[in-house]
Amino acid sequence: MRDDKEVTADVTSIEELADGDWYYQIHSHLEYFPKPGEKVSCVVEHASSHKPTIYHWDPFLEDFDRNKLITGVAGLVLGVVIKVHRLVLYTVL
């Protein structure tokens, strides 16, 4: 859903997947590039649920991705500090 309206025009494919135990899943794929300020949601309908579940998309990084980014930046900063420290020691001695 885009701004609480169903999107059907840009659906690239719909797959029906067998689970192997006589159950099936339907997967819809939508290729979409959100614009700033848009509210993007995914509606999931399931036979075990009485009403559809709506998941709102948050454009910020997920916690796992944010942690990887912080770890990478910290490693880069530490590497630069060690390199500068060695350079200073080399020029002084």
# chains A, B, ... in the order shown; residues from 1 in each chain; ligands from 1

$ residues_around --residues "range 49-59 of chain A" --least-positions-apart "5" --cutoff "12 Å" --atoms "only C-alpha atoms" --output "ChimeraX atom specification"
/A:1-4,6,33-44

$ write_last_selection --atoms "N, CA and C atoms" --output "short mmCIF file (atom, residue, chain, number, x, y, z; two decimals), in the first residue's frame"
data_model
loop_
_atom_site.label_atom_id
_atom_site.label_comp_id
_atom_site.auth_asym_id
_atom_site.auth_seq_id
_atom_site.Cartn_x
_atom_site.Cartn_y
_atom_site.Cartn_z
N MET A 1 0.84 -1.17 0.00
CA MET A 1 0.00 0.00 0.00
C MET A 1 0.89 1.24 0.00
N ARG A 2 0.46 2.23 -0.74
CA ARG A 2 1.18 3.51 -0.81
C ARG A 2 0.21 4.59 -0.34
N ASP A 3 0.56 5.24 0.77
CA ASP A 3 -0.32 6.25 1.37
C ASP A 3 -1.73 5.71 1.58
N ASP A 4 -1.83 4.50 2.14
CA ASP A 4 -3.09 3.83 2.47
C ASP A 4 -3.95 3.49 1.25
N GLU A 6 -4.14 0.81 -2.16
CA GLU A 6 -3.57 -0.42 -2.70
C GLU A 6 -2.85 -0.15 -4.01
N PHE A 33 10.10 2.39 -5.91
CA PHE A 33 11.05 3.33 -5.36
C PHE A 33 10.27 4.40 -4.61
N PRO A 34 10.29 4.35 -3.27
CA PRO A 34 9.49 5.30 -2.49
C PRO A 34 10.00 6.73 -2.62
N LYS A 35 9.06 7.65 -2.52
CA LYS A 35 9.39 9.07 -2.56
C LYS A 35 9.41 9.59 -1.12
N PRO A 36 10.17 10.65 -0.85
CA PRO A 36 10.22 11.19 0.51
C PRO A 36 8.83 11.55 1.02
N GLY A 37 8.55 11.15 2.25
CA GLY A 37 7.27 11.49 2.86
C GLY A 37 6.15 10.50 2.59
N GLU A 38 6.37 9.52 1.74
CA GLU A 38 5.34 8.53 1.45
C GLU A 38 5.27 7.50 2.56
N LYS A 39 4.07 7.02 2.83
CA LYS A 39 3.85 5.97 3.81
C LYS A 39 3.67 4.66 3.04
N VAL A 40 4.59 3.71 3.23
CA VAL A 40 4.55 2.45 2.51
C VAL A 40 4.24 1.33 3.51
N SER A 41 3.26 0.48 3.16
CA SER A 41 2.84 -0.61 4.03
C SER A 41 2.68 -1.88 3.22
N CYS A 42 2.75 -3.01 3.91
CA CYS A 42 2.54 -4.31 3.28
C CYS A 42 1.37 -4.97 4.00
N VAL A 43 0.40 -5.45 3.24
CA VAL A 43 -0.77 -6.11 3.81
C VAL A 43 -0.61 -7.62 3.62
N VAL A 44 -0.71 -8.37 4.71
CA VAL A 44 -0.58 -9.82 4.66
C VAL A 44 -1.90 -10.44 5.08
#

$ select_by_dssp --residues "chain A" --states "strand (DSSP E or B)" --output "PyMOL selection string"
chain A and resi 2+5+11-18+24-30+40-44+53-56

$ atom_distance --atom1 "CA of Ile26 in chain A" --atom2 "CA of Ile14 in chain A"
6.9 Å

$ select_by_dssp --residues "chain A" --states "helix (DSSP H, G or I)" --output "number ranges by chain"
A: 63-92

$ write_last_selection --atoms "C-alpha atoms" --output "PDB file, in the first residue's frame"
ATOM      1  CA  ASP A  63      19.123  -2.625  13.904  1.00  0.00           C
ATOM      2  CA  PHE A  64      21.351  -5.358  12.459  1.00  0.00           C
ATOM      3  CA  ASP A  65      22.399  -3.199   9.497  1.00  0.00           C
ATOM      4  CA  ARG A  66      22.957  -0.200  11.760  1.00  0.00           C
ATOM      5  CA  ASN A  67      25.201  -2.305  14.030  1.00  0.00           C
ATOM      6  CA  LYS A  68      27.241  -3.523  11.056  1.00  0.00           C
ATOM      7  CA  LEU A  69      27.676   0.056   9.864  1.00  0.00           C
ATOM      8  CA  ILE A  70      28.764   1.279  13.315  1.00  0.00           C
ATOM      9  CA  THR A  71      31.228  -1.623  13.652  1.00  0.00           C
ATOM     10  CA  GLY A  72      32.733  -0.871  10.235  1.00  0.00           C
ATOM     11  CA  VAL A  73      33.127   2.840  10.946  1.00  0.00           C
ATOM     12  CA  ALA A  74      34.651   2.122  14.377  1.00  0.00           C
ATOM     13  CA  GLY A  75      37.146  -0.290  12.770  1.00  0.00           C
ATOM     14  CA  LEU A  76      38.063   2.294  10.152  1.00  0.00           C
ATOM     15  CA  VAL A  77      38.605   5.005  12.766  1.00  0.00           C
ATOM     16  CA  LEU A  78      40.695   2.651  14.912  1.00  0.00           C
ATOM     17  CA  GLY A  79      42.818   1.729  11.875  1.00  0.00           C
ATOM     18  CA  VAL A  80      43.431   5.385  11.031  1.00  0.00           C
ATOM     19  CA  VAL A  81      44.366   6.182  14.651  1.00  0.00           C
ATOM     20  CA  ILE A  82      46.872   3.283  14.752  1.00  0.00           C
ATOM     21  CA  LYS A  83      48.359   4.305  11.398  1.00  0.00           C
ATOM     22  CA  VAL A  84      48.774   7.941  12.498  1.00  0.00           C
ATOM     23  CA  HIS A  85      50.290   6.814  15.816  1.00  0.00           C
ATOM     24  CA  ARG A  86      52.836   4.627  14.007  1.00  0.00           C
ATOM     25  CA  LEU A  87      53.619   7.442  11.579  1.00  0.00           C
ATOM     26  CA  VAL A  88      54.247   9.850  14.463  1.00  0.00           C
ATOM     27  CA  LEU A  89      56.470   7.325  16.276  1.00  0.00           C
ATOM     28  CA  TYR A  90      58.400   6.634  13.044  1.00  0.00           C
ATOM     29  CA  THR A  91      59.103  10.321  12.371  1.00  0.00           C
ATOM     30  CA  VAL A  92      60.030  11.070  16.026  1.00  0.00           C
TER      31      VAL A  92
END

$ atom_distance --atom1 "CA of His29 in chain A" --atom2 "CA of Ser13 in chain A"
5.4 Å
